[in-house]
Structures are given as C-alpha cells and as structure tokens.
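File shown here: upload_37.txt, holding compact mmCIF, C-alpha atoms.
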# COMPACT_ATOMS: atom_id res chain seq x y z
CA MET O 1 -1.84 13.90 18.74
CA ALA O 2 -1.12 11.19 16.14
CA ASN O 3 1.54 8.60 16.84
CA LYS O 4 4.85 8.68 15.04
CA VAL O 5 4.88 6.63 11.84
CA ILE O 6 7.49 4.18 10.66
CA ILE O 7 7.68 2.68 7.17
CA THR O 8 8.67 -0.97 6.81
CA ALA O 9 8.98 -3.17 3.74
CA ASP O 10 9.98 -6.65 2.67
CA ARG O 11 13.65 -6.70 1.70
CA THR O 12 12.59 -7.73 -1.79
CA CYS O 13 11.92 -4.00 -2.29
CA ASP O 14 15.62 -3.89 -3.26
CA LEU O 15 16.39 -0.55 -1.67
CA ASN O 16 20.03 -0.52 -0.66
CA LYS O 17 21.33 0.64 2.71
CA GLU O 18 21.98 4.15 1.45
CA LEU O 19 18.36 4.52 0.36
CA THR O 20 16.78 2.90 3.42
CA LYS O 21 18.82 5.32 5.53
CA ARG O 22 17.94 8.34 3.38
CA TYR O 23 14.21 7.61 3.52
CA ASP O 24 14.19 6.02 6.99
CA ILE O 25 12.68 2.76 5.74
CA HIS O 26 13.14 -0.47 7.68
CA ASP O 27 13.20 -3.74 5.73
CA ILE O 28 12.75 -7.32 6.87
CA PRO O 29 14.60 -10.12 5.06
CA LEU O 30 12.97 -13.21 3.59
CA HIS O 31 14.61 -16.61 3.87
CA ILE O 32 16.86 -18.50 1.46
CA VAL O 33 16.83 -22.26 2.04
CA PHE O 34 19.39 -24.78 0.81
CA GLY O 35 18.38 -28.20 2.09
CA ASP O 36 18.36 -27.97 5.89
CA GLU O 37 20.19 -24.65 5.92
CA SER O 38 18.21 -21.40 6.15
CA TYR O 39 19.71 -17.96 5.57
CA ASP O 40 18.44 -14.38 5.83
CA ASP O 41 18.57 -12.44 2.56
CA TRP O 42 21.54 -10.02 2.43
CA GLU O 43 22.41 -10.76 6.08
CA THR O 44 23.78 -14.29 6.17
CA ILE O 45 23.90 -14.91 2.41
CA THR O 46 24.51 -12.76 -0.67
CA PRO O 47 23.29 -13.13 -4.26
CA GLU O 48 26.80 -14.05 -5.38
CA GLN O 49 26.87 -16.93 -2.90
CA VAL O 50 23.53 -18.12 -4.29
CA TYR O 51 25.02 -18.07 -7.79
CA GLU O 52 28.17 -19.89 -6.69
CA ARG O 53 26.14 -22.72 -5.16
CA PHE O 54 24.01 -22.98 -8.29
CA TYR O 55 27.06 -23.25 -10.55
CA LYS O 56 28.47 -26.02 -8.35
CA THR O 57 25.29 -28.03 -7.77
CA LYS O 58 22.85 -26.85 -10.51
CA GLU O 59 20.33 -26.53 -7.71
CA LEU O 60 18.58 -23.32 -6.73
CA PRO O 61 17.53 -22.55 -3.17
CA LYS O 62 13.95 -22.41 -2.07
CA THR O 63 12.77 -18.99 -0.97
CA ALA O 64 10.63 -18.89 2.15
CA ALA O 65 8.26 -16.13 3.21
CA ASN O 66 8.21 -14.83 6.75
CA ASN O 67 5.39 -16.26 8.83
CA VAL O 68 2.82 -14.40 10.93
CA GLU O 69 4.84 -14.76 14.12
CA GLU O 70 7.95 -13.26 12.52
CA TYR O 71 5.98 -10.25 11.27
CA PHE O 72 4.27 -9.88 14.65
CA ASP O 73 7.63 -9.78 16.44
CA TYR O 74 9.06 -7.37 13.85
CA PHE O 75 6.11 -4.97 14.14
CA LYS O 76 5.88 -5.23 17.91
CA LYS O 77 9.30 -3.71 18.55
CA PHE O 78 8.22 -0.54 16.70
CA ILE O 79 4.76 -0.50 18.28
CA ASP O 80 6.37 -0.74 21.73
CA GLU O 81 8.45 2.34 20.85
CA GLY O 82 5.27 4.31 20.14
CA TYR O 83 5.17 4.05 16.34
CA ASP O 84 2.32 3.26 14.01
CA ILE O 85 3.42 1.15 11.05
CA VAL O 86 2.89 1.15 7.30
CA HIS O 87 4.29 -2.02 5.76
CA ILE O 88 4.89 -2.37 2.01
CA ALA O 89 4.59 -6.05 1.13
CA LEU O 90 5.82 -8.11 -1.78
CA GLY O 91 2.92 -8.65 -4.23
CA SER O 92 0.24 -11.06 -3.04
CA LYS O 93 0.43 -13.17 -6.23
CA LEU O 94 4.16 -13.66 -5.72
CA SER O 95 4.42 -14.70 -2.09
CA SER O 96 2.47 -15.38 1.10
CA THR O 97 4.34 -12.53 2.79
CA GLN O 98 1.47 -10.14 2.16
CA SER O 99 -1.18 -12.30 3.84
CA ALA O 100 1.16 -13.09 6.75
CA SER O 101 1.96 -9.41 7.32
CA VAL O 102 -1.76 -8.53 7.22
CA MET O 103 -2.59 -11.17 9.82
CA ALA O 104 0.19 -9.89 12.06
CA ALA O 105 -0.85 -6.26 11.64
CA GLN O 106 -4.46 -7.03 12.58
CA GLN O 107 -3.31 -8.01 16.05
CA PHE O 108 -2.29 -4.42 16.77
CA GLU O 109 -5.81 -2.95 16.46
CA GLY O 110 -5.32 -0.08 14.05
CA ARG O 111 -1.65 0.56 14.78
CA ALA O 112 -0.22 -1.31 11.78
CA PHE O 113 -1.34 -1.21 8.14
CA CYS O 114 -0.17 -3.33 5.21
CA VAL O 115 -0.04 -2.35 1.55
CA ASP O 116 -0.12 -5.03 -1.13
CA SER O 117 2.44 -3.57 -3.52
CA CYS O 118 1.24 -5.92 -6.30
CA SER O 119 4.87 -5.76 -7.36
CA LEU O 120 8.40 -6.82 -6.58
CA SER O 121 11.88 -5.35 -6.37
CA THR O 122 12.03 -1.58 -6.68
CA GLY O 123 8.48 -1.62 -8.03
CA SER O 124 7.55 -1.97 -4.35
CA GLY O 125 10.55 0.15 -3.34
CA LEU O 126 9.09 3.10 -5.24
CA LEU O 127 5.91 2.79 -3.18
CA ALA O 128 7.92 2.61 0.05
CA ILE O 129 9.64 5.88 -0.88
CA LYS O 130 6.27 7.51 -1.58
CA ALA O 131 5.07 6.31 1.83
CA SER O 132 8.18 7.80 3.43
CA GLU O 133 7.54 11.16 1.78
CA MET O 134 3.93 11.12 3.01
CA ARG O 135 5.10 10.34 6.53
CA ASP O 136 7.45 13.30 6.40
CA SER O 137 4.55 15.53 5.36
CA GLY O 138 2.71 14.61 8.57
CA MET O 139 0.14 12.11 7.35
CA SER O 140 -1.12 9.37 9.66
CA ALA O 141 -0.31 5.71 9.08
CA LYS O 142 -3.88 4.95 8.04
CA GLU O 143 -3.90 7.82 5.54
CA ILE O 144 -0.54 6.78 4.11
CA ALA O 145 -1.58 3.15 3.68
CA GLU O 146 -4.80 4.10 1.92
CA LYS O 147 -3.12 6.58 -0.39
CA VAL O 148 -0.20 4.29 -1.27
CA GLN O 149 -2.54 1.37 -1.95
CA GLY O 150 -4.30 3.65 -4.41
CA MET O 151 -0.99 4.32 -6.19
CA VAL O 152 -0.11 0.67 -6.80
CA SER O 153 -1.25 0.74 -10.42
CA LYS O 154 1.16 3.63 -11.07
CA SER O 155 4.30 1.67 -10.17
CA HIS O 156 5.75 -0.09 -13.21
CA ALA O 157 8.15 -3.01 -12.88
CA SER O 158 9.69 -5.04 -15.69
CA PHE O 159 13.03 -6.56 -16.55
CA VAL O 160 14.93 -8.43 -19.24
CA LEU O 161 16.56 -11.84 -18.89
CA GLU O 162 19.86 -12.54 -20.58
CA ARG O 163 19.52 -16.26 -19.90
CA LEU O 164 16.82 -18.74 -18.94
CA ASP O 165 18.78 -21.43 -17.10
CA PHE O 166 17.80 -20.02 -13.69
CA MET O 167 14.16 -19.95 -14.75
CA LYS O 168 14.44 -23.57 -15.92
CA ALA O 169 16.12 -24.67 -12.70
CA GLY O 170 13.28 -23.04 -10.79
CA GLY O 171 10.68 -24.86 -12.89
CA ARG O 172 9.49 -21.73 -14.68
CA CYS O 173 10.36 -22.78 -18.22
CA SER O 174 10.97 -26.05 -20.04
CA ALA O 175 14.19 -27.43 -21.49
CA ILE O 176 12.71 -26.97 -24.96
CA THR O 177 11.96 -23.32 -24.28
CA LEU O 178 15.51 -22.83 -22.99
CA LEU O 179 17.01 -24.52 -26.05
CA GLY O 180 14.89 -22.47 -28.45
CA ALA O 181 15.76 -19.22 -26.69
CA ASN O 182 19.47 -20.03 -26.82
CA LEU O 183 19.37 -20.99 -30.51
CA LEU O 184 17.51 -17.82 -31.47
CA SER O 185 19.37 -15.54 -29.01
CA LEU O 186 16.03 -14.56 -27.46
CA ARG O 187 16.02 -12.23 -24.45
CA PRO O 188 12.49 -12.17 -23.02
CA SER O 189 11.16 -9.26 -21.04
CA ILE O 190 9.03 -9.99 -17.99
CA GLU O 191 6.32 -7.56 -16.95
CA VAL O 192 4.70 -7.36 -13.52
CA LEU O 193 0.92 -6.99 -13.64
CA ASN O 194 0.27 -4.42 -10.93
CA ASN O 195 -3.49 -4.78 -11.41
CA ASP O 196 -3.32 -8.50 -10.61
CA GLY O 197 -1.48 -8.83 -7.32
CA GLY O 198 1.92 -8.82 -8.99
CA ALA O 199 1.43 -11.74 -11.36
CA MET O 200 4.05 -11.82 -14.09
CA THR O 201 3.75 -12.22 -17.84
CA VAL O 202 6.18 -12.50 -20.70
CA GLY O 203 6.40 -9.29 -22.70
CA LYS O 204 8.39 -8.60 -25.83
CA LYS O 205 11.00 -11.18 -26.79
CA TYR O 206 14.10 -9.36 -27.90
CA ARG O 207 16.83 -10.76 -30.09
CA GLY O 208 20.50 -10.05 -30.48
CA LYS O 209 23.42 -8.84 -28.42
CA TYR O 210 22.37 -8.20 -24.88
CA GLY O 211 23.80 -4.69 -24.61
CA LYS O 212 21.69 -3.52 -27.55
CA VAL O 213 18.66 -5.40 -26.24
CA LEU O 214 18.80 -3.52 -22.94
CA ILE O 215 18.71 -0.14 -24.67
CA GLU O 216 15.84 -1.22 -26.92
CA TYR O 217 13.95 -2.53 -23.89
CA MET O 218 14.50 0.75 -22.02
CA GLU O 219 13.23 2.77 -24.99
CA ASP O 220 10.16 0.56 -25.40
CA THR O 221 9.33 0.67 -21.69
CA LEU O 222 9.44 4.46 -21.45
CA ALA O 223 7.49 4.87 -24.69
CA LYS O 224 4.47 3.12 -23.21
CA TYR O 225 3.64 6.08 -20.95
CA ASP O 226 3.09 9.78 -21.54
CA ASN O 227 2.60 10.70 -17.87
CA ILE O 228 5.84 9.54 -16.25
CA ASP O 229 6.60 10.67 -12.71
CA THR O 230 9.94 12.36 -13.26
CA ASP O 231 11.14 12.24 -9.65
CA ARG O 232 13.16 9.06 -9.98
CA VAL O 233 13.83 5.91 -11.99
CA PHE O 234 15.53 2.72 -10.85
CA ILE O 235 17.98 0.58 -12.73
CA THR O 236 17.82 -2.60 -10.69
CA HIS O 237 19.94 -5.58 -11.67
CA ALA O 238 20.74 -9.08 -10.49
CA GLY O 239 24.49 -8.76 -10.79
CA ALA O 240 24.84 -7.27 -14.27
CA ASN O 241 28.13 -6.47 -15.99
CA GLN O 242 29.11 -2.87 -15.27
CA GLU O 243 29.19 -2.03 -18.98
CA TYR O 244 25.49 -2.92 -19.26
CA ILE O 245 24.58 -0.83 -16.24
CA ASP O 246 26.61 2.13 -17.49
CA SER O 247 25.10 2.01 -20.98
CA VAL O 248 21.53 1.99 -19.65
CA PHE O 249 22.39 4.77 -17.20
CA ASP O 250 23.92 6.91 -19.93
CA ALA O 251 20.96 6.35 -22.26
CA LEU O 252 18.49 7.29 -19.51
CA ASN O 253 20.55 10.30 -18.51
CA LYS O 254 20.64 11.60 -22.09
CA LYS O 255 16.85 11.56 -22.23
CA GLY O 256 16.71 14.13 -19.43
CA ILE O 257 13.38 12.81 -18.13
CA PHE O 258 14.23 11.93 -14.53
CA LYS O 259 15.58 14.09 -11.74
CA GLU O 260 17.38 11.10 -10.26
CA ILE O 261 18.57 7.78 -11.66
CA LEU O 262 19.12 5.22 -8.90
CA ILE O 263 21.03 1.96 -9.30
CA THR O 264 20.37 -0.95 -6.95
CA ARG O 265 21.30 -4.62 -6.76
CA ALA O 266 18.48 -7.16 -6.46
CA SER O 267 18.12 -9.30 -3.36
CA CYS O 268 18.85 -13.03 -3.17
CA VAL O 269 15.14 -13.84 -3.51
CA ILE O 270 14.80 -11.89 -6.75
CA SER O 271 18.20 -12.93 -8.11
CA SER O 272 17.65 -16.66 -7.54
CA HIS O 273 14.63 -16.60 -9.84
CA CYS O 274 16.14 -14.69 -12.76
CA GLY O 275 19.94 -15.07 -12.70
CA PRO O 276 22.87 -12.73 -13.40
CA ASN O 277 22.70 -9.87 -15.92
CA THR O 278 18.94 -9.55 -15.49
CA LEU O 279 18.20 -5.82 -15.51
CA GLY O 280 15.07 -3.73 -15.14
CA VAL O 281 14.04 -0.10 -15.52
CA LEU O 282 11.40 0.72 -12.91
CA PHE O 283 9.50 3.97 -12.36
CA MET O 284 6.10 5.47 -11.55
CA THR O 285 3.50 7.37 -13.53
CA LYS O 286 1.41 10.26 -12.23
Since I need it in another form, could you write the structure as structure tokens?
Amino acid sequence: MANKVIITADRTCDLNKELTKRYDIHDIPLHIVFGDESYDDWETITPEQVYERFYKTKELPKTAANNVEEYFDYFKKFIDEGYDIVHIALGSKLSSTQSASVMAAQQFEGRAFCVDSCSLSTGSGLLAIKASEMRDSGMSAKEIAEKVQGMVSKSHASFVLERLDFMKAGGRCSAITLLGANLLSLRPSIEVLNNDGGAMTVGKKYRGKYGKVLIEYMEDTLAKYDNIDTDRVFITHAGANQEYIDSVFDALNKKGIFKEILITRASCVISSHCGPNTLGVLFMTK
C-alpha cells in the first residue's frame, strides 16, 4: 500500500491560509533580512512592515533562501509521520531554494520529490493546487511530481508594476530608467519564462492611468491563449488599492471564462522586489 502524500511549497507560492487549508498544502517561509535581523515571511514580518521600513530608510531587505538543513528538518517531520512528500519550489532561476530542497529530498531515498515550478507567486501556487488534486485522486508522490513537472509550461505568471522605485532600490533598474518611466507614465509588465527556470523578462510597456493599464494588461494576457484552463484564475497583488483589485475582478468576472476568481496578497519576498500596487493575473492552460 502506498504511503500517504503531503504537498508542500515555498511560501512564495502566495496561497493564503484559506487556500492552504482548503487544499491541505503546507508552506515553508523564506527569510527577510534587515542588517543583522532575520525574519520569517508572513510569520514575524508582513509586507506592510517591509514597505514601512523602506519608506523610512530607502533600503530594501535582502531575501534569503532556506538552506538544505532547513528543508531536511521540514521534510523530516512529515516523513516521520508516514508521509511521502511532493514539494513545489520557487523557480530555479529565481532562488537557490529549488536546489536546496532537492538536496534535502535526496536524503530520504525516494520518499520526497521536488518540482521546479519555473515560476513564482501563484504561478507556483497553481501547480501546488494541481498536485493537491492529484493526491486526492490517489496518485503516488512520484507520479504527482512527474506529472506536475510536466505541467510547468502551462502555468502562466505575469504582473504589472505601477512604479519602479522598488526595482531600482533592489538594483534591477537604473536611475535613468526610473526617471524615463516616470516622465512617460510607463507601467511595464513583467513576464515569467516558465521554459527557462522562471527567468523574468520585460513585456509590454503600458502608458497612462494605472487603473486603465491593469484592464488593458488583463485583456492582453488572456488574449495570448486559446486553450485556457477555466478552473481558476488568480489576481495576486503586492498591496494594491482595493479599487484596482475590484475593477480587475469585475472585468474578469464579466468575461465568464473562469469558474473561480481567487484574490491573494503577495508574500514579503515577492512584494519587496516589486512594490505596492503591483498586480498580476495568473492562470493555467490545458
């Protein structure tokens, strides 16, 4: 008889407590580091506290991946309870979490399996939900991991930035780029390359009032695909104004494509790189 299976994920999957409970997914936080102080994402620090410190000091925290020992200890408690594990990791091009989780899993001799989500935020959260559904259908951990890894290219993650000052503070754009974007009211979209370990690229650069930009971005993103998985779509944001969230929700709802529209707040790790009002529409294709 096969062992019971448990699904774990990095907390950067941005599934809130309601969803992790609904799908019985366990998530492990990454670390947020200010100087000599280290915090656990969503446990001892919140995204709003990250923003507050940035506004006061103009300094962003460093984000630190979990090491092999931390993953080993995390997996071991489930292994000791008789579970096999499928872990959905933050994309390998984005963090060392994936390689650390693989090294930890290998020490359990076929009891733990890691999936490189090649994505971030609810792009990896969508895969964790798929893994949960496969577990509930009776599949083994090995089967789930293999099947979910094969679905990575079908999970689509992108988002739009209202502002670039967080990207500049994190060394991801120059002062000249920031100035030009501000002068031209540019709102760049960022696309996650799920065929390249989760590397990110700049997509369309929108212009104008941010509320209108978000609707245009949503329309463009959906129009790219004719085989959308209609089960669910995520609106994931890094602390967006409620009016922006509501307008995107209403526009998605009017399309009548998805059975469920889920709204989640991004983790500290994700938020610290993109800043408030960043918003993405994330979904899968068949």
Find the spatial neighbours of range 253-264 of chain O, counting only C-alpha atoms, within a cut-off of 7 Å - ignore same-chain residues fewer than 6 positions away - and output them as a VMD selection string. chain O and resid 14 to 16 230 to 237
Since we have the selection now, will you write its residues out, keeping C-alpha atoms, as a short mmCIF file (atom, residue, chain, number, x, y, z; two decimals), in the frame of the given file?
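File written: selection-v3.cif
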data_model
loop_
_atom_site.label_atom_id
_atom_site.label_comp_id
_atom_site.auth_asym_id
_atom_site.auth_seq_id
_atom_site.Cartn_x
_atom_site.Cartn_y
_atom_site.Cartn_z
CA ASP O 14 15.62 -3.89 -3.26
CA LEU O 15 16.39 -0.55 -1.67
CA ASN O 16 20.03 -0.52 -0.66
CA THR O 230 9.94 12.36 -13.26
CA ASP O 231 11.14 12.24 -9.65
CA ARG O 232 13.16 9.06 -9.98
CA VAL O 233 13.83 5.91 -11.99
CA PHE O 234 15.53 2.72 -10.85
CA ILE O 235 17.98 0.58 -12.73
CA THR O 236 17.82 -2.60 -10.69
CA HIS O 237 19.94 -5.58 -11.67
#
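Of the residues under consideration (O:Gly150, O:Gly239, O:Gly203, O:Pro188), O:Gly150 shows the shortest atom-to-atom contact distance to Lys286 in chain O when counting all atoms listed in the file.
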Might you pull out every residue within 8 Å of range 266-282 of chain O, with all atoms listed in the file counted and same-chain residues fewer than 4 positions away left off, and present them as number ranges by chain? O: 11-12, 14, 30-32, 41-42, 45-47, 50-51, 60-61, 63, 121-123, 155-167, 170, 214, 218, 221, 233-241
Written selection (C-alpha atoms) as a tab-separated table (two decimals), keeping the file's coordinate frame:
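The result, written out as again-v5.tsv:
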chain	number	residue	atom	x	y	z
O	11	ARG	CA	13.65	-6.70	1.70
O	12	THR	CA	12.59	-7.73	-1.79
O	14	ASP	CA	15.62	-3.89	-3.26
O	30	LEU	CA	12.97	-13.21	3.59
O	31	HIS	CA	14.61	-16.61	3.87
O	32	ILE	CA	16.86	-18.50	1.46
O	41	ASP	CA	18.57	-12.44	2.56
O	42	TRP	CA	21.54	-10.02	2.43
O	45	ILE	CA	23.90	-14.91	2.41
O	46	THR	CA	24.51	-12.76	-0.67
O	47	PRO	CA	23.29	-13.13	-4.26
O	50	VAL	CA	23.53	-18.12	-4.29
O	51	TYR	CA	25.02	-18.07	-7.79
O	60	LEU	CA	18.58	-23.32	-6.73
O	61	PRO	CA	17.53	-22.55	-3.17
O	63	THR	CA	12.77	-18.99	-0.97
O	121	SER	CA	11.88	-5.35	-6.37
O	122	THR	CA	12.03	-1.58	-6.68
O	123	GLY	CA	8.48	-1.62	-8.03
O	155	SER	CA	4.30	1.67	-10.17
O	156	HIS	CA	5.75	-0.09	-13.21
O	157	ALA	CA	8.15	-3.01	-12.88
O	158	SER	CA	9.69	-5.04	-15.69
O	159	PHE	CA	13.03	-6.56	-16.55
O	160	VAL	CA	14.93	-8.43	-19.24
O	161	LEU	CA	16.56	-11.84	-18.89
O	162	GLU	CA	19.86	-12.54	-20.58
O	163	ARG	CA	19.52	-16.26	-19.90
O	164	LEU	CA	16.82	-18.74	-18.94
O	165	ASP	CA	18.78	-21.43	-17.10
O	166	PHE	CA	17.80	-20.02	-13.69
O	167	MET	CA	14.16	-19.95	-14.75
O	170	GLY	CA	13.28	-23.04	-10.79
O	214	LEU	CA	18.80	-3.52	-22.94
O	218	MET	CA	14.50	0.75	-22.02
O	221	THR	CA	9.33	0.67	-21.69
O	233	VAL	CA	13.83	5.91	-11.99
O	234	PHE	CA	15.53	2.72	-10.85
O	235	ILE	CA	17.98	0.58	-12.73
O	236	THR	CA	17.82	-2.60	-10.69
O	237	HIS	CA	19.94	-5.58	-11.67
O	238	ALA	CA	20.74	-9.08	-10.49
O	239	GLY	CA	24.49	-8.76	-10.79
O	240	ALA	CA	24.84	-7.27	-14.27
O	241	ASN	CA	28.13	-6.47	-15.99
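Across the structure, CA of Ile7 in chain O and CA of Pro29 in chain O are spaced 14.7 Å apart.
With distances restricted to only C-alpha atoms, O:Leu120 is the closest residue to Leu94 in chain O from O:Ala9, O:Val115, O:Leu120, O:Val152.
The coordinates place CA of Tyr244 in chain O at 26.7 Å from CA of Ala128 in chain O.
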Got a sec: who's within 7 Å of Ala112 in chain O, counting all atoms listed in the file, leaving out chain neighbours fewer than 5 positions off, as a ChimeraX atom specification? /O:84-86,105
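Between Asp220 in chain O and the candidates O:Tyr206, O:Lys56, O:Ala89, O:Glu243, the tightest atom-to-atom separation, counting only C-alpha atoms, involves O:Tyr206.
Each of O:Leu222, O:Ala199, O:Ile129, O:Met151 was compared to Ser95 in chain O using all atoms listed in the file, and O:Ala199 turns out to be the nearest.
Nearest residue to Cys114 in chain O among O:Met134, O:Ile25, O:Ala145, O:Leu126 is O:Ala145, counting only C-alpha atoms.
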Given the choices O:Ser124, O:Asn227, O:Asn67, O:Asn195, which gets closest to Thr8 in chain O if the distance is worked out from all atoms listed in the file? O:Ser124
Identify, on the basis of all atoms listed in the file, every residue whose closest approach to Asp80 in chain O does not exceed 12 Å; exclude the query and any residue fewer than 4 positions from it along the same chain; express the result as a ChimeraX atom specification. /O:3-4,72-76,84-85,108,111-112
Identify the residues within 10 Å of coordinate (26.7, -2.4, -23.6) (same frame as the file), considering all atoms listed in the file, and give the answer as a list in words. Lys209, Tyr210, Gly211, Lys212, Val213, Leu214, Ile215, Asn241, Gln242, Glu243, Tyr244, Ile245, Asp246, Ser247 and Val248 of chain O
For the selection just defined, write its residues with C-alpha atoms to a file, as a tab-separated table (two decimals), in the frame of the given file.
chain	number	residue	atom	x	y	z
O	209	LYS	CA	23.42	-8.84	-28.42
O	210	TYR	CA	22.37	-8.20	-24.88
O	211	GLY	CA	23.80	-4.69	-24.61
O	212	LYS	CA	21.69	-3.52	-27.55
O	213	VAL	CA	18.66	-5.40	-26.24
O	214	LEU	CA	18.80	-3.52	-22.94
O	215	ILE	CA	18.71	-0.14	-24.67
O	241	ASN	CA	28.13	-6.47	-15.99
O	242	GLN	CA	29.11	-2.87	-15.27
O	243	GLU	CA	29.19	-2.03	-18.98
O	244	TYR	CA	25.49	-2.92	-19.26
O	245	ILE	CA	24.58	-0.83	-16.24
O	246	ASP	CA	26.61	2.13	-17.49
O	247	SER	CA	25.10	2.01	-20.98
O	248	VAL	CA	21.53	1.99	-19.65
Taken to one decimal, the CA of Met284 in chain O-CA of Lys154 in chain O distance is 5.3 Å
